[in-house]
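Undergrad: Dropping a structure here in structure tokens format, bear with me for questions.
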Amino acid sequence: MLKSKTFVKKTRSGGVMKVVREHYLRDDIWCGSEVCTECKQESTVLQKDACMESSLCSYPHYLVPDTNVVLHQIDILEDPVICNVIILQTVLQEVRHRSAPVYKRLKDIIHEKEKRFYTFTNEHHRDTFIEREPGESANDRNDRAIRVAVKWYSQHLKTFESDTDGLKVVLLTNDQGNKQKAQDNGLLVYKCEEYVKSLIANPELVDRLALSSDDKNEITSSKVLFPEHLPLSRIQTGIKSSSFLQGTFRASRDNYLEATVFVQGEGEDSTEVLIQGLQNLNRAVHQDVVAVQLLPRSEWVAPSSVVLQDEGTAKDDEDAEEEEGKQLRTAAVEAARKPTGKVVGIIKRNWRPFCGMLNVSQIKESTRHLFTPADRRIPRIRIETRQASTLSGQRIMVAIDGWPKDSRYPNGHFVRSLGGAGEKDTEEEVLLLEHDVPHQAFSQAVLSFLPKMPWAITPEDMMKREDLRPLTVCSVDPPGCTDIDDALHCRELENGNLEVGVHIADVSHFIRPGNALDKEAANRGTTVYLCGKRIDMVPELLSSNLCSLRSNVDRLAFSCIWEINHKAEILKTRFTKSVINSKASLTYAEAQMRIDDTNKNDDITKSLRGLNKLAKILKRQRIEKGALTLSSLEVRFHMDSETHDPIDLQTKELMETNSMVEEFMLLANISVAQKIYDEFSECALLRKHPAPPPSNYDILIKAAKSKEVKIHTDSAKALADSLDAAKVDGFPYFNTLLRILATRCMMQAVYFCSGMDSDFHHYGLASPIYTHFTSPIRRYADIIVHRLLAVAIGADTTYPDLMDKHKQSALCNNLNYRHKMSQYAQRASVAFHTQLFFKSRGILNEEGFVLFVRKNAIIVLIPKFGLEGTVFFDSKDKVSPNIVFEEEGPTLSVEQHKFHIFDKVKVTISLDDSNIQHQKIRMALIEPVVRKTKTELLTVKSIQNKLNTIKIQISVNHDKKMCSFFP
């Protein structure tokens with residue numbers, strides 16, 4: 001059957017166009033049930049004898065959830081106990097329109113055969129399709145379509161079930177109106193909560209129910225704590241008239257009473273609005289898209305320098321307000337005020353399931369508890385659970401259901417348990433989930449596109465490739481590297497010049513556009529390197545084998561080859577797909593030893609020496625142009641081969657060979673960037689590094705000034721020259737500290753599409769154009785660049801998405817997000833392994849430097865471990881010393897001692913594991929000694945001096961400065 005609608009559509013030119021929309025109906029669509037003998041189906045999904053046991057439904061039954069049940073109770077639907085579910089096409093389409101994350105989760109459930117979820121295309125079935133009636137809303141029409149489909153299923157299945165307790169179809173809806181109409185039509189219908197509570201032997205499933213509006217009213221107080229959110233219509237009008245601003249809400253990690261809203265503008269017109277105080281934060285959660293109203297200029301304040309965590313028990317009203325007043329009062333009198341505002345409405349909630357731990361209520365028999373997220377930017381969440389004793393000490397996941405205006409905390413529900421807190425596997429899972437790192441095993445659909453083994457290079461592969469196997473190519477990488485992206489060669493030409501080649505794994509040969517393998521790699525965006533573990537972007541067969549440029553095996557590559565004179569001037573550049581055979585896989589240390597060993601003169605060593613000599617000249621030339629040489633401390637853990645626990649921790653040492661490889665990778669990236677931009681000016685994938693706004697340098701300039709050193713920031717060249725000249729007599733580490741601080745001032749480098757931007761400059765490299773070409777095993781951006789370059793040299797064909805600047809731009813947004821989250825996950829992994837290291841070491845004394853000065857604390861850097869920690873000078877448990885903070889310095893005076901940035905200090909380092917979820921490295925000051933009080937029975941230092949003579953056990957509580965002695 002064919003139904004068609006004809007309507008008139010206006011064109012841009014002012015004319016009209018007749019549009020005919022055709023809708024085909026069929027009578028041969030399967031119902032999916034095994035009891036059916038009428039539908040012509042090859043296989044069935046829905047089974048009769050594997051139905052859930054319910055006290056409400058004591059008969060075999062199938063479930064049909066409506067759209068809102070799917071949207072709000074997806075955690076219930078994902079549970080293994082829920083099976084034999086009919087997902088109507090109407091519901092699937094609505095979910096797709098309203099929530100992309102839930103739609104993806106629903107599609108994943110449908111693909112799990114053991115779940116037995118069947119998609120019924122009711123919108124194309126002759127007996128279940130309905131037209132929208134005059135005056136009927138789209139929502140009411142869809143509700144009616146769901147009821148019609150349920151009625152059809154009930155009658156259809158009754159034909160094959162003769163007994164009175166035969167197979168039934170149950171509609172799940174939380175909409176009271178929809179439920180009443182379904183009952184009037186004689187349908188079996190229940191609220192989701194009613195049905196879940198009726199399931200026999202699955203009481204824990206009740207904890208996963210998202211709270212309904214009725215429940216939310218029950219567990220909130222009568223006092224209104226927050227202003228009402230404005231409706232979307234008023235928000236949109238306000239944004240159009242510029243009385244409101246739209247932006248992304250970013251909660252502070254250090255102060256739960258403070259956040260910023262990033263308002264995207266044109267070019268450099270983006271701005272940040274400061275939000276302070278619970279009422280002004282108005283129930284926004286980190287990453288929500290919100291509408292803000294600027295406060296009068298007289299009410300603008302400076303960001304608070306106080307480090308403040310919400311670590312108390314549940315607070316609801318006066319206590320919260322009193323504490324808030326104390327913490328924020330100081331901020332209003334400061335000079336460096338920022339635009340300050342208040343959240344007036346929520347445009348889009350960006351909630352996800354959050355990892356954390358349960359704070360079990362002290363009230364006996366209570367089922368209501370507070371959940372503390374692992375991410376300090378997320379507020380505590382109230383949940384109802386009957387499993388509190390079981391979940392205590394576990395890492396769990398919780399989802400937010402809503403945040404009423406009369407509740408200090410949002411309401412949510414339990415999703416699942418992840419395992420015991422502190423266990424390595426559990427904590428690794430938490431940090432991957434919290435940083436949204438896709439880490440599930442590759443699906444069969446993805447793996448099906450891998451090459452069949454054994455694999456060999458074919459004559460077809462060689463058709464558009466150069467055979468470079470005779471060249472002396474070698475790779476230089478960190479120890480233990482198995483995903484070798486790049487290899488190099490250098491040889492002298494007959495004319496006296498040098499030929500240098502950078503050879504990159506040809507991953508794009510194996511990953512073809514648009515298939516499941518390509519889509520998975522595009523979604524993951526990057527390989528994530530954790531301590532002792534790697535989350536691959538592509539399956540291991542490619543990452544560690546077929547694409548890895550291992551020694552003494554033939555590999556497909558993409559080569560960038562230059563003719564260079566001995567002054568490192570590039571005379572010619574060419575690109576080619578190639579086949580190489582690496583002659584050695586070296587570590588940085590092994591390559592350095594070859595270069596330094598005067599007795600070695602083999603081809604590999606000669607090649608390395610030639611590369612190293614050129615790299616030094618290239619680096620000097622880059623620095624002369626204004627490229628920055630910054631610094632950041634990276635640590636390397638030495639792991640126990642049995643337990644995989646860290647047994648040693650040290651900062652990574654960089655050699656000449658590190659710089660050698662880096663110079664030629666930079667050169668290849670710049671050469672490729674220019675080539676793809678020349679060929680595809682609208683759709684080249686490039687990478688830029690914006691210049692920081694002048695205000696970013698304030699802390700660097702102040703820090704240098706404190707040591708009477710002047711820093712110029714007018715340009716990258718001026719900054720680079722000032723950093724080179726920055727020296728302090730008797731303080732050799734000063735320059736490194738300054739470069740570490742300069743790194744913190746920088747903006748994030750980002751991918752972008754050339755047709756969507758005009759500023760291509762890479763500030764840090766002082767290069768007018770740049771891209772990523774050299775790491776396609778671990779970065780998806782490089783795969784796209786390889787495809788563009790292949791088309792540019794005629795080695796491969798193009799495809800529509802590659803030439804679509806809007807799709808390239810959307811891809812860049814995902815790659816930037818994945819790259820940022822990967823960096824955060826890697827830092828979190830280092831932090832966790834650092835905690836494990838100090839857990840087994842006890843208390844250590846180390847020298848460090850003050851990196852930042854805050855109102856109530858100093859941030860100390862320990863160069864030996866690349867570790868930062870906070871030394872607090874105030875505490876709830878003791879009398880605070882006399883503290884004076886001066887913004888201008890900045891300096892912090894504690895009793896008689898004044899702290900400046902870069903001051904040398906000595907601290908004890910220990911692991912504070914009193915809060916198992918937020919374990920942290922605690923630092924306590926040894927030198928300089930800033931105060932002594934009567935409550936200190938013995939200082940840490942005096943205890944340590946007596947340890948040699950007194951054979952006793954000592955337990956030191958550093959917070960309370962109390963000591964206990966046991967014979």
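Residues in the structure tokens are numbered from 1 in each chain, the chains being A, B, ... in the order shown, and ligands are numbered from 1 in the order shown.
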Find the spatial neighbours of region 580-586 of chain A, counting only C-alpha atoms, within a cut-off of 8 Å - ignore same-chain residues fewer than 3 positions away - and output them as a PyMOL selection string.

TA: chain A and resi 467-477+487+549-557+589-591+604

Undergrad: Residues as selected, N, CA and C atoms, written as a short mmCIF file (atom, residue, chain, number, x, y, z; two decimals), in the first residue's frame, can you do that?

TA:
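Saved the output as again-v1.cif:
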data_model
loop_
_atom_site.label_atom_id
_atom_site.label_comp_id
_atom_site.auth_asym_id
_atom_site.auth_seq_id
_atom_site.Cartn_x
_atom_site.Cartn_y
_atom_site.Cartn_z
N ASP A 467 59.51 0.89 -3.86
CA ASP A 467 60.16 -0.15 -3.06
C ASP A 467 61.39 0.46 -2.39
N LEU A 468 61.25 0.79 -1.10
CA LEU A 468 62.35 1.42 -0.36
C LEU A 468 63.02 0.43 0.62
N ARG A 469 62.81 -0.86 0.37
CA ARG A 469 63.36 -1.87 1.30
C ARG A 469 64.88 -1.88 1.36
N PRO A 470 65.58 -1.51 0.28
CA PRO A 470 67.06 -1.52 0.38
C PRO A 470 67.61 -0.42 1.29
N LEU A 471 66.84 0.63 1.59
CA LEU A 471 67.35 1.75 2.40
C LEU A 471 67.60 1.33 3.85
N THR A 472 68.57 2.00 4.46
CA THR A 472 68.87 1.72 5.88
C THR A 472 67.93 2.55 6.74
N VAL A 473 66.75 2.00 6.93
CA VAL A 473 65.71 2.66 7.74
C VAL A 473 65.74 2.08 9.15
N CYS A 474 65.56 2.91 10.17
CA CYS A 474 65.44 2.39 11.55
C CYS A 474 64.45 3.24 12.33
N SER A 475 63.94 2.68 13.44
CA SER A 475 63.00 3.41 14.29
C SER A 475 63.65 3.68 15.64
N VAL A 476 63.26 4.80 16.26
CA VAL A 476 63.77 5.17 17.59
C VAL A 476 62.57 5.54 18.45
N ASP A 477 62.36 4.78 19.53
CA ASP A 477 61.15 4.93 20.34
C ASP A 477 61.46 4.73 21.82
N ALA A 487 59.61 5.70 11.27
CA ALA A 487 61.00 5.27 11.09
C ALA A 487 61.70 6.31 10.23
N LEU A 549 55.95 -0.59 12.50
CA LEU A 549 57.15 -0.66 11.65
C LEU A 549 58.28 -1.37 12.37
N ARG A 550 58.05 -2.65 12.68
CA ARG A 550 59.03 -3.45 13.40
C ARG A 550 60.22 -3.76 12.51
N SER A 551 61.33 -4.11 13.12
CA SER A 551 62.54 -4.36 12.34
C SER A 551 62.49 -5.72 11.63
N ASN A 552 63.14 -5.75 10.47
CA ASN A 552 63.35 -6.98 9.69
C ASN A 552 62.07 -7.62 9.15
N VAL A 553 61.02 -6.84 8.98
CA VAL A 553 59.81 -7.32 8.30
C VAL A 553 59.37 -6.24 7.31
N ASP A 554 58.80 -6.67 6.19
CA ASP A 554 58.29 -5.71 5.20
C ASP A 554 57.02 -5.05 5.73
N ARG A 555 56.97 -3.74 5.58
CA ARG A 555 55.79 -3.01 6.04
C ARG A 555 55.41 -1.93 5.02
N LEU A 556 54.10 -1.68 4.92
CA LEU A 556 53.59 -0.62 4.07
C LEU A 556 53.76 0.72 4.80
N ALA A 557 54.22 1.73 4.07
CA ALA A 557 54.47 3.03 4.71
C ALA A 557 54.03 4.16 3.79
N ALA A 589 67.86 5.53 24.18
CA ALA A 589 69.17 5.31 24.81
C ALA A 589 70.09 4.52 23.89
N GLU A 590 69.56 3.49 23.23
CA GLU A 590 70.39 2.69 22.31
C GLU A 590 70.88 3.52 21.13
N ALA A 591 69.99 4.35 20.59
CA ALA A 591 70.38 5.23 19.47
C ALA A 591 71.45 6.22 19.91
N ILE A 604 73.65 1.98 9.95
CA ILE A 604 72.61 2.49 10.85
C ILE A 604 73.17 3.67 11.66
#

Undergrad: Considering only C-alpha atoms, return as a PyMOL selection string whatever protein or nucleic-acid residues lie within 9 Å of region 177-185 of chain A, sequence-local ones (same chain, fewer than 6 positions apart) excluded.

TA: chain A and resi 140+143-144+147+151+171+191

Undergrad: Run DSSP on the backbone and tell me which residues of region 495-721 of chain A come out as strand (DSSP E or B); list them as a VMD selection string.

TA: chain A and resid 498 to 505 526 528 to 530 533 to 535 551 554 to 564 570 to 582 584 to 587 635 to 639 646 to 651 685 to 689

Undergrad: Since we have the selection now, will you write its residues out, keeping C-alpha atoms, as a PDB file, in the first residue's frame?

TA:
ATOM      1  CA  LEU A 498      71.677  14.400   2.009  1.00  0.00           C
ATOM      2  CA  GLU A 499      68.471  12.457   1.494  1.00  0.00           C
ATOM      3  CA  VAL A 500      66.317  12.213   4.608  1.00  0.00           C
ATOM      4  CA  GLY A 501      63.161  10.150   4.818  1.00  0.00           C
ATOM      5  CA  VAL A 502      60.413   9.990   7.412  1.00  0.00           C
ATOM      6  CA  HIS A 503      58.428   6.776   6.923  1.00  0.00           C
ATOM      7  CA  ILE A 504      55.028   6.522   8.607  1.00  0.00           C
ATOM      8  CA  ALA A 505      52.875   3.401   9.018  1.00  0.00           C
ATOM      9  CA  THR A 526      43.183   8.429  19.992  1.00  0.00           C
ATOM     10  CA  VAL A 528      45.136   6.287  25.559  1.00  0.00           C
ATOM     11  CA  TYR A 529      48.354   5.460  27.419  1.00  0.00           C
ATOM     12  CA  LEU A 530      47.861   4.644  31.095  1.00  0.00           C
ATOM     13  CA  LYS A 533      48.317  -0.266  30.060  1.00  0.00           C
ATOM     14  CA  ARG A 534      47.301   0.970  26.627  1.00  0.00           C
ATOM     15  CA  ILE A 535      43.748   1.473  25.308  1.00  0.00           C
ATOM     16  CA  SER A 551      62.540  -4.359  12.338  1.00  0.00           C
ATOM     17  CA  ASP A 554      58.293  -5.711   5.203  1.00  0.00           C
ATOM     18  CA  ARG A 555      55.786  -3.014   6.044  1.00  0.00           C
ATOM     19  CA  LEU A 556      53.594  -0.616   4.065  1.00  0.00           C
ATOM     20  CA  ALA A 557      54.467   3.034   4.710  1.00  0.00           C
ATOM     21  CA  PHE A 558      53.735   6.581   3.636  1.00  0.00           C
ATOM     22  CA  SER A 559      57.056   8.365   3.091  1.00  0.00           C
ATOM     23  CA  CYS A 560      58.025  12.025   3.154  1.00  0.00           C
ATOM     24  CA  ILE A 561      61.468  12.382   1.538  1.00  0.00           C
ATOM     25  CA  TRP A 562      63.601  15.531   1.349  1.00  0.00           C
ATOM     26  CA  GLU A 563      66.817  16.475  -0.356  1.00  0.00           C
ATOM     27  CA  ILE A 564      68.629  18.609   2.219  1.00  0.00           C
ATOM     28  CA  ILE A 570      65.321  21.820   2.111  1.00  0.00           C
ATOM     29  CA  LEU A 571      65.953  21.694  -1.654  1.00  0.00           C
ATOM     30  CA  LYS A 572      63.248  19.216  -2.711  1.00  0.00           C
ATOM     31  CA  THR A 573      60.284  17.476  -1.033  1.00  0.00           C
ATOM     32  CA  ARG A 574      58.331  14.503  -2.312  1.00  0.00           C
ATOM     33  CA  PHE A 575      55.695  12.165  -0.899  1.00  0.00           C
ATOM     34  CA  THR A 576      55.135   8.549  -1.856  1.00  0.00           C
ATOM     35  CA  LYS A 577      53.414   5.409  -0.669  1.00  0.00           C
ATOM     36  CA  SER A 578      56.158   2.874  -0.090  1.00  0.00           C
ATOM     37  CA  VAL A 579      57.310  -0.501   1.230  1.00  0.00           C
ATOM     38  CA  ILE A 580      60.121  -0.432   3.796  1.00  0.00           C
ATOM     39  CA  ASN A 581      62.087  -2.944   5.826  1.00  0.00           C
ATOM     40  CA  SER A 582      63.398  -1.384   9.043  1.00  0.00           C
ATOM     41  CA  ALA A 584      66.659  -1.800  13.632  1.00  0.00           C
ATOM     42  CA  SER A 585      64.097  -0.932  16.319  1.00  0.00           C
ATOM     43  CA  LEU A 586      66.084   1.154  18.800  1.00  0.00           C
ATOM     44  CA  THR A 587      65.266   2.867  22.071  1.00  0.00           C
ATOM     45  CA  VAL A 635      57.369  10.664  35.411  1.00  0.00           C
ATOM     46  CA  ARG A 636      58.178   7.068  34.568  1.00  0.00           C
ATOM     47  CA  PHE A 637      57.148   4.207  36.842  1.00  0.00           C
ATOM     48  CA  HIS A 638      59.194   1.043  37.135  1.00  0.00           C
ATOM     49  CA  MET A 639      56.692  -1.765  37.682  1.00  0.00           C
ATOM     50  CA  PRO A 646      55.078   0.732  41.005  1.00  0.00           C
ATOM     51  CA  ILE A 647      58.408   0.039  42.725  1.00  0.00           C
ATOM     52  CA  ASP A 648      60.259   3.152  41.580  1.00  0.00           C
ATOM     53  CA  LEU A 649      59.292   6.591  40.363  1.00  0.00           C
ATOM     54  CA  GLN A 650      61.504   9.019  38.489  1.00  0.00           C
ATOM     55  CA  THR A 651      61.212  11.911  36.066  1.00  0.00           C
ATOM     56  CA  LEU A 685      42.581  18.910   8.464  1.00  0.00           C
ATOM     57  CA  LEU A 686      45.141  21.120  10.218  1.00  0.00           C
ATOM     58  CA  ARG A 687      46.279  21.818  13.760  1.00  0.00           C
ATOM     59  CA  LYS A 688      46.712  25.254  15.281  1.00  0.00           C
ATOM     60  CA  HIS A 689      47.958  26.604  18.576  1.00  0.00           C
TER      61      HIS A 689
END

Undergrad: Taking only C-alpha atoms into account, which of A:Ile676, A:Met923, A:Leu861, A:Ala516 comes nearest Leu737 (chain A)?

TA: A:Leu861

Undergrad: Considering only C-alpha atoms, state which residue in the set A:Val430, A:Ile400, A:Ile484, A:Ile740 is at the smallest distance from Leu542 (chain A).

TA: A:Ile484

Undergrad: List every residue of region 538-603 of chain A that DSSP, applied to the backbone of this structure, places in helix (DSSP H, G or I), and write the result as JSON, numbers by chain.

TA: {"A": [540, 541, 542, 543, 544, 545, 546, 588, 589, 590, 591, 592, 593, 594, 595, 596, 603]}

Undergrad: Ser361 (chain A): which residues within 8 Å, counting only C-alpha atoms, same-chain residues fewer than 6 positions away excluded, as a tab-separated table (two decimals) with N, CA and C atoms, in the first residue's frame?

TA:
chain	number	residue	atom	x	y	z
A	368	ARG	N	17.62	6.13	52.35
A	368	ARG	CA	18.02	7.35	51.66
A	368	ARG	C	19.46	7.70	52.04
A	369	HIS	N	20.33	7.81	51.03
A	369	HIS	CA	21.75	8.03	51.30
A	369	HIS	C	22.32	9.06	50.33
A	370	LEU	N	23.48	9.63	50.70
A	370	LEU	CA	24.17	10.55	49.81
A	370	LEU	C	25.29	9.81	49.08
